[in-house]
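Accompanying notes for the structure given below.
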Amino acid sequence: MDSVFIKKLCIDTVIGVYEWEKAIQQRLELDLELSCNTAVAAAQDDIRQALDYSVIAQQVTDLVTAEPIELIETVAERVATLLLANFSTDRVQVTVHKPGAVPTAQTVGVRIVRERS
Ligand SMILES: Nc1nc2c(c(=O)[nH]1)N=C([C@H](O)[C@@H](O)CO)CN2
């Protein structure tokens, strides 16, 4: 299956479980992959037949920054729900990295796969 993907979409937002985290912005990095058939868009060379990664990036950024969230699991789930609702895809993979969370690790995060039911 083909896909459209976005790697390391950087989003600064209020994210975290602890009180001190609710007063600051921290960086999340998102990897998104939307399954689709890219052949039609390619054959017609037409953005209207494609999943526009610019539009995807903007909608996801707006969603994640709309209000404070505690868990990165919540971020992943909300993003997957948005992608399945707003874009022509039956399967999405969403990875959320919180690179500053564990100083001794390069990054930590969650990865989920959701399919249209
Ligand atoms: N599985 C998770 N574990 C933790 C999360 C999280 O969102 N999911 N969050 C935190 C804190 O917010 C942490 O990032 C503060 O440094 C701890 N564990």
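Ligands are numbered from 1 in the order shown, chains are lettered A, B, ... in the order of the structure tokens, and residues start at 1 in each chain.
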Closest contacts (chain A/ligand 1, max 9 Å, only C-alpha atoms and all ligand atoms) as CSV:
residue,atom,partner,partner_atom_place_in_ligand_line,distance
A:Ile15,CA,ligand 1,12 (O),6.7
A:Gly16,CA,ligand 1,12 (O),3.5
A:Val17,CA,ligand 1,12 (O),4.1
A:Tyr18,CA,ligand 1,12 (O),5.9
A:Trp20,CA,ligand 1,15 (C),9.0
A:Glu21,CA,ligand 1,12 (O),7.1
A:Ile69,CA,ligand 1,7 (O),8.8
A:Glu70,CA,ligand 1,7 (O),6.1
A:Leu71,CA,ligand 1,7 (O),3.3
A:Ile72,CA,ligand 1,7 (O),4.1
A:Glu73,CA,ligand 1,8 (N),6.0
A:Thr74,CA,ligand 1,7 (O),7.9
A:Val75,CA,ligand 1,7 (O),8.7
A:Lys98,CA,ligand 1,14 (O),7.0
A:Pro99,CA,ligand 1,14 (O),9.0
A:Gly100,CA,ligand 1,16 (O),7.3
A:Ala101,CA,ligand 1,16 (O),4.2
A:Val102,CA,ligand 1,16 (O),6.3
A:Pro103,CA,ligand 1,16 (O),8.8
A:Val108,CA,ligand 1,14 (O),8.7
A:Gly109,CA,ligand 1,8 (N),7.3
A:Val110,CA,ligand 1,1 (N),7.2
- Task: Quick one: pick out all alpha helix (DSSP H) residues within range 32-84 of chain A from a backbone DSSP run and write them as a PyMOL selection string.
- Result: chain A and resi 39-44+53-65+72-84
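The space separating CA of Glu115 in chain A from CA of Ser88 in chain A comes to 11.8 Å.
The gap separating CA of Phe87 in chain A from CA of Gln49 in chain A is 11.2 Å, in Å to one decimal.
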Wanna dump the range 60-89 of chain A-range 28-32 of chain A contacts at 10 Å for me, each residue with its shortest atom pair and the distance in Å to one decimal, counting only C-alpha atoms, ordered by chain and number, as CSV?
residue,atom,partner,partner_atom,distance
A:Val60,CA,A:Leu30,CA,9.4
A:Thr61,CA,A:Leu30,CA,9.7
A:Val64,CA,A:Leu28,CA,9.5
A:Ile72,CA,A:Leu28,CA,8.7
A:Val75,CA,A:Leu30,CA,9.7
A:Ala76,CA,A:Leu30,CA,8.7
A:Val79,CA,A:Leu32,CA,9.1
A:Ala80,CA,A:Leu32,CA,8.9
A:Leu83,CA,A:Leu32,CA,9.3
Could you save those same residues with N, CA and C atoms as an mmCIF file, in the first residue's frame?
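Listed below is the output, result-v7.cif:
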data_model
loop_
_atom_site.group_PDB
_atom_site.id
_atom_site.type_symbol
_atom_site.label_atom_id
_atom_site.label_comp_id
_atom_site.auth_asym_id
_atom_site.auth_seq_id
_atom_site.Cartn_x
_atom_site.Cartn_y
_atom_site.Cartn_z
ATOM 1 N N VAL A 60 -3.189 19.174 12.014
ATOM 2 C CA VAL A 60 -2.672 18.461 13.182
ATOM 3 C C VAL A 60 -2.075 19.456 14.190
ATOM 4 N N THR A 61 -1.339 20.439 13.683
ATOM 5 C CA THR A 61 -0.755 21.444 14.581
ATOM 6 C C THR A 61 -1.852 22.222 15.306
ATOM 7 N N VAL A 64 -3.388 19.950 18.066
ATOM 8 C CA VAL A 64 -2.521 19.646 19.217
ATOM 9 C C VAL A 64 -2.303 20.885 20.095
ATOM 10 N N ILE A 72 0.798 12.012 26.099
ATOM 11 C CA ILE A 72 1.072 11.916 24.664
ATOM 12 C C ILE A 72 0.193 10.842 24.018
ATOM 13 N N VAL A 75 -2.679 12.730 22.700
ATOM 14 C CA VAL A 75 -2.308 13.418 21.456
ATOM 15 C C VAL A 75 -2.408 12.450 20.278
ATOM 16 N N ALA A 76 -1.819 11.276 20.436
ATOM 17 C CA ALA A 76 -1.802 10.300 19.336
ATOM 18 C C ALA A 76 -3.219 9.900 18.935
ATOM 19 N N VAL A 79 -5.093 12.775 17.166
ATOM 20 C CA VAL A 79 -4.564 12.994 15.812
ATOM 21 C C VAL A 79 -5.055 11.891 14.872
ATOM 22 N N ALA A 80 -5.021 10.648 15.320
ATOM 23 C CA ALA A 80 -5.494 9.543 14.474
ATOM 24 C C ALA A 80 -6.966 9.725 14.125
ATOM 25 N N LEU A 83 -7.293 12.452 11.455
ATOM 26 C CA LEU A 83 -6.817 12.037 10.120
ATOM 27 C C LEU A 83 -7.840 11.127 9.435
#
- Task: Per DSSP on the backbone, filter range 26-78 of chain A down to the residues in strand (DSSP E) and report them as a ChimeraX atom specification.
- Result: /A:26-36
- Item | Distance criterion (only C-alpha atoms): nearest to Ser3 in chain A out of A:Val92, A:Ile112, A:Val40, A:Ala105 | A:Val92
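Counting only C-alpha atoms, the residue from A:Val14, A:Val4, A:Ala66, A:Val55 that sits nearest to Asn86 in chain A is A:Val55.
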- Message: When you count only C-alpha atoms, which of these residues is closest to Ala57 in chain A: A:Arg116, A:Lys7, A:His97, A:Arg111?
- Response: A:Lys7
- Query: Which polymer residues have any atom within 8 Å of an atom of Thr13 in chain A, counting only C-alpha atoms, with same-chain residues fewer than 4 positions away left out, as a list in words?
  - Reply: Ile24, Gln25, Gln26, Arg27, Leu28, Val64, Thr65 and Pro68 of chain A
Please write the residues from the selection above to a file, keeping C-alpha atoms, as a PDB file, in the first residue's frame.
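Heads up, here's the output in selection28.pdb:
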ATOM      1  CA  ILE A  24       5.450  25.958  29.920  1.00  0.00           C
ATOM      2  CA  GLN A  25       5.546  24.906  26.309  1.00  0.00           C
ATOM      3  CA  GLN A  26       7.397  21.727  25.348  1.00  0.00           C
ATOM      4  CA  ARG A  27       8.247  20.301  21.971  1.00  0.00           C
ATOM      5  CA  LEU A  28       6.553  17.271  20.484  1.00  0.00           C
ATOM      6  CA  VAL A  64      -2.521  19.646  19.217  1.00  0.00           C
ATOM      7  CA  THR A  65      -2.115  23.304  20.258  1.00  0.00           C
ATOM      8  CA  PRO A  68      -3.430  21.709  27.163  1.00  0.00           C
TER       9      PRO A  68
END
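Using only C-alpha atoms, the smallest distance between any of A:Glu77, A:Lys22, A:Thr89, A:Gln44 and Val113 in chain A comes from A:Glu77.
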- Message: Could you list, as an MDAnalysis selection string, every residue within 10 Å of Ala39 in chain A, counting only C-alpha atoms and ignoring same-chain residues fewer than 3 positions away?
- Response: chainID A and resid 2 36 42:45 49:50
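CA of Leu9 in chain A to CA of Ile47 in chain A spans 20.8 Å [interatomic distance, one decimal].
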